[in-house]
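Here the structure comes first, spelled out in structure tokens, and everything after it is commentary.
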Amino acid sequence: MDLGTGGDIILKPEPVLRLSSLLMVRDAILAGAGAAVLPKLLVADDIEAGRLAYWGTHTDPSVEIWALQSSRRLIGAKVRAFLDVVEKAFPEKIFVPPI
């Protein structure tokens with residue numbers, strides 16, 4: 001742990017447990033396994049309810065959402081519905097829910 005400028009504390013996590021799913025990581029930290037770097041979108045309700053503590057924002061790498069579709073066909077209804085939901089939920093294209 002290093003002190004940054006302005007009194008900020010910079011944490012450098014060292015992984016001790018690797019799981020194949022972010023939901024499994026979330027469940028593990030809720031069970032007391034330690035701390036984790038997780039998307040706010042996944043843990044916003046737990047932070048609001050006080051089950052998890054919010055320590056700050058990890059600034060990199062950036063996260064991208066991709067929807068892959070065969071170029072030979074029109075976009076599928078399920079893919080279009082998913083993209084519509086994402087666009088409505090995040091009109092500013094900032095994928096962080098308010099806490």
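A note on labels: chains of the structure tokens are A, B, ... as shown, every chain counts residues from 1, and ligands are counted from 1 in their shown order.
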- Query: Within 12 Å of Arg18 in chain A, counting only C-alpha atoms, which residues qualify if same-chain residues fewer than 6 places away don't, as a list of chain:residue names?
  - Reply: A:Met24, A:Val25, A:Arg26, A:Ala28, A:Ala33, A:Ala36, A:Val37
Take the selection from the previous step and output its residues with C-alpha atoms, as a PDB file, in the first residue's frame.
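Result went into selection-v4.pdb, see below:
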```pdb
ATOM      1  CA  MET A  24     -18.406 -16.608  -7.828  1.00  0.00           C
ATOM      2  CA  VAL A  25     -15.918 -13.928  -6.727  1.00  0.00           C
ATOM      3  CA  ARG A  26     -18.791 -11.786  -5.438  1.00  0.00           C
ATOM      4  CA  ALA A  28     -16.776 -15.507  -2.054  1.00  0.00           C
ATOM      5  CA  ALA A  33     -13.010 -14.557   1.682  1.00  0.00           C
ATOM      6  CA  ALA A  36     -11.960  -8.070  -4.629  1.00  0.00           C
ATOM      7  CA  VAL A  37     -11.899  -5.702  -7.563  1.00  0.00           C
TER       8      VAL A  37
END
```
- Message: One number please: CA of Val43 in chain A to CA of Val85 in chain A, in Å, one decimal.
- Response: 19.1 Å
- Atom-to-atom span, CA of Gly50 in chain A and CA of Ile29 in chain A, Å: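 Interatomic distance, CA of Gly50 in chain A to CA of Ile29 in chain A: 13.1 Å.
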- Message: Please return, as an MDAnalysis selection string, all residues of chain A that DSSP assigns to strand (DSSP E or B) on the basis of the backbone.
- Response: chainID A and resid 2:3 9:10
- Message: Report, in Å with one decimal, the straight-line distance from CA of Gly56 in chain A to CA of Pro91 in chain A.
- Response: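 Interatomic distance here is 23.2 Å.
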- Query: Of the residues A:Ala49, A:Leu68, A:Ala77, A:Leu41, which is the one nearest to Ala89 in chain A, using only C-alpha atoms?
  - Reply: A:Leu41
Could you pull out the alpha helix (DSSP H) residues of chain A, going by DSSP on the backbone, and write them as a tab-separated table (two decimals) with N, CA and C atoms, in the first residue's frame?
```tsv
chain	number	residue	atom	x	y	z
A	22	LEU	N	-17.20	-13.89	-12.22
A	22	LEU	CA	-17.25	-12.75	-11.30
A	22	LEU	C	-18.34	-12.93	-10.25
A	23	LEU	N	-19.41	-13.65	-10.60
A	23	LEU	CA	-20.45	-13.93	-9.61
A	23	LEU	C	-19.91	-14.83	-8.49
A	24	MET	N	-19.03	-15.76	-8.85
A	24	MET	CA	-18.41	-16.61	-7.83
A	24	MET	C	-17.49	-15.78	-6.93
A	25	VAL	N	-16.78	-14.82	-7.52
A	25	VAL	CA	-15.92	-13.93	-6.73
A	25	VAL	C	-16.78	-13.11	-5.77
A	26	ARG	N	-17.88	-12.57	-6.28
A	26	ARG	CA	-18.79	-11.79	-5.44
A	26	ARG	C	-19.31	-12.63	-4.28
A	27	ASP	N	-19.73	-13.86	-4.56
A	27	ASP	CA	-20.22	-14.74	-3.50
A	27	ASP	C	-19.12	-15.05	-2.48
A	28	ALA	N	-17.89	-15.21	-2.96
A	28	ALA	CA	-16.78	-15.51	-2.05
A	28	ALA	C	-16.49	-14.33	-1.12
A	29	ILE	N	-16.52	-13.11	-1.63
A	29	ILE	CA	-16.25	-11.98	-0.74
A	29	ILE	C	-17.42	-11.73	0.21
A	30	LEU	N	-18.64	-12.01	-0.24
A	30	LEU	CA	-19.78	-11.90	0.68
A	30	LEU	C	-19.69	-12.93	1.80
A	40	LYS	N	-18.79	-2.17	-10.45
A	40	LYS	CA	-19.86	-1.60	-9.60
A	40	LYS	C	-21.22	-2.11	-10.03
A	41	LEU	N	-21.38	-2.34	-11.31
A	41	LEU	CA	-22.65	-2.84	-11.83
A	41	LEU	C	-23.05	-4.15	-11.15
A	42	LEU	N	-22.06	-4.94	-10.78
A	42	LEU	CA	-22.30	-6.25	-10.17
A	42	LEU	C	-22.56	-6.16	-8.67
A	43	VAL	N	-22.01	-5.14	-8.00
A	43	VAL	CA	-22.07	-5.08	-6.54
A	43	VAL	C	-22.78	-3.85	-5.99
A	44	ALA	N	-23.38	-3.05	-6.84
A	44	ALA	CA	-24.02	-1.80	-6.39
A	44	ALA	C	-25.08	-2.05	-5.32
A	45	ASP	N	-25.90	-3.07	-5.49
A	45	ASP	CA	-26.94	-3.37	-4.49
A	45	ASP	C	-26.33	-3.79	-3.16
A	46	ASP	N	-25.24	-4.57	-3.20
A	46	ASP	CA	-24.57	-5.01	-1.98
A	46	ASP	C	-23.91	-3.84	-1.26
A	47	ILE	N	-23.36	-2.90	-2.00
A	47	ILE	CA	-22.77	-1.71	-1.38
A	47	ILE	C	-23.84	-0.86	-0.73
A	48	GLU	N	-24.94	-0.66	-1.45
A	48	GLU	CA	-26.05	0.15	-0.92
A	48	GLU	C	-26.65	-0.47	0.34
A	77	ALA	N	-32.98	-10.49	-33.07
A	77	ALA	CA	-33.89	-9.80	-32.15
A	77	ALA	C	-33.34	-9.78	-30.72
A	78	LYS	N	-32.72	-10.87	-30.28
A	78	LYS	CA	-32.18	-10.92	-28.92
A	78	LYS	C	-31.00	-9.97	-28.75
A	79	VAL	N	-30.15	-9.92	-29.75
A	79	VAL	CA	-29.00	-9.01	-29.69
A	79	VAL	C	-29.49	-7.57	-29.70
A	80	ARG	N	-30.44	-7.25	-30.57
A	80	ARG	CA	-30.98	-5.90	-30.65
A	80	ARG	C	-31.65	-5.50	-29.33
A	81	ALA	N	-32.41	-6.43	-28.73
A	81	ALA	CA	-33.07	-6.15	-27.45
A	81	ALA	C	-32.04	-5.87	-26.37
A	82	PHE	N	-30.97	-6.67	-26.33
A	82	PHE	CA	-29.91	-6.45	-25.35
A	82	PHE	C	-29.26	-5.08	-25.53
A	83	LEU	N	-28.93	-4.74	-26.77
A	83	LEU	CA	-28.30	-3.44	-27.02
A	83	LEU	C	-29.24	-2.28	-26.68
A	84	ASP	N	-30.53	-2.44	-26.93
A	84	ASP	CA	-31.51	-1.41	-26.57
A	84	ASP	C	-31.54	-1.19	-25.06
A	85	VAL	N	-31.52	-2.29	-24.29
A	85	VAL	CA	-31.53	-2.18	-22.84
A	85	VAL	C	-30.27	-1.47	-22.34
A	86	VAL	N	-29.11	-1.85	-22.88
A	86	VAL	CA	-27.86	-1.21	-22.48
A	86	VAL	C	-27.87	0.28	-22.81
A	87	GLU	N	-28.33	0.63	-24.00
A	87	GLU	CA	-28.37	2.03	-24.41
A	87	GLU	C	-29.32	2.86	-23.54
A	88	LYS	N	-30.46	2.28	-23.16
A	88	LYS	CA	-31.41	3.00	-22.31
A	88	LYS	C	-30.90	3.13	-20.87
A	89	ALA	N	-30.24	2.08	-20.38
A	89	ALA	CA	-29.73	2.10	-19.01
A	89	ALA	C	-28.56	3.06	-18.84
```
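Distances to Gly32 in chain A were evaluated for A:Ser20, A:Glu14, A:Arg51, A:Thr57 using only C-alpha atoms, and the minimum falls at A:Arg51.
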- Message: Nearest residue to Glu64 in chain A out of A:Ala31, A:Ser21, A:Pro39, A:Ile9, using only C-alpha atoms?
- Response: A:Pro39
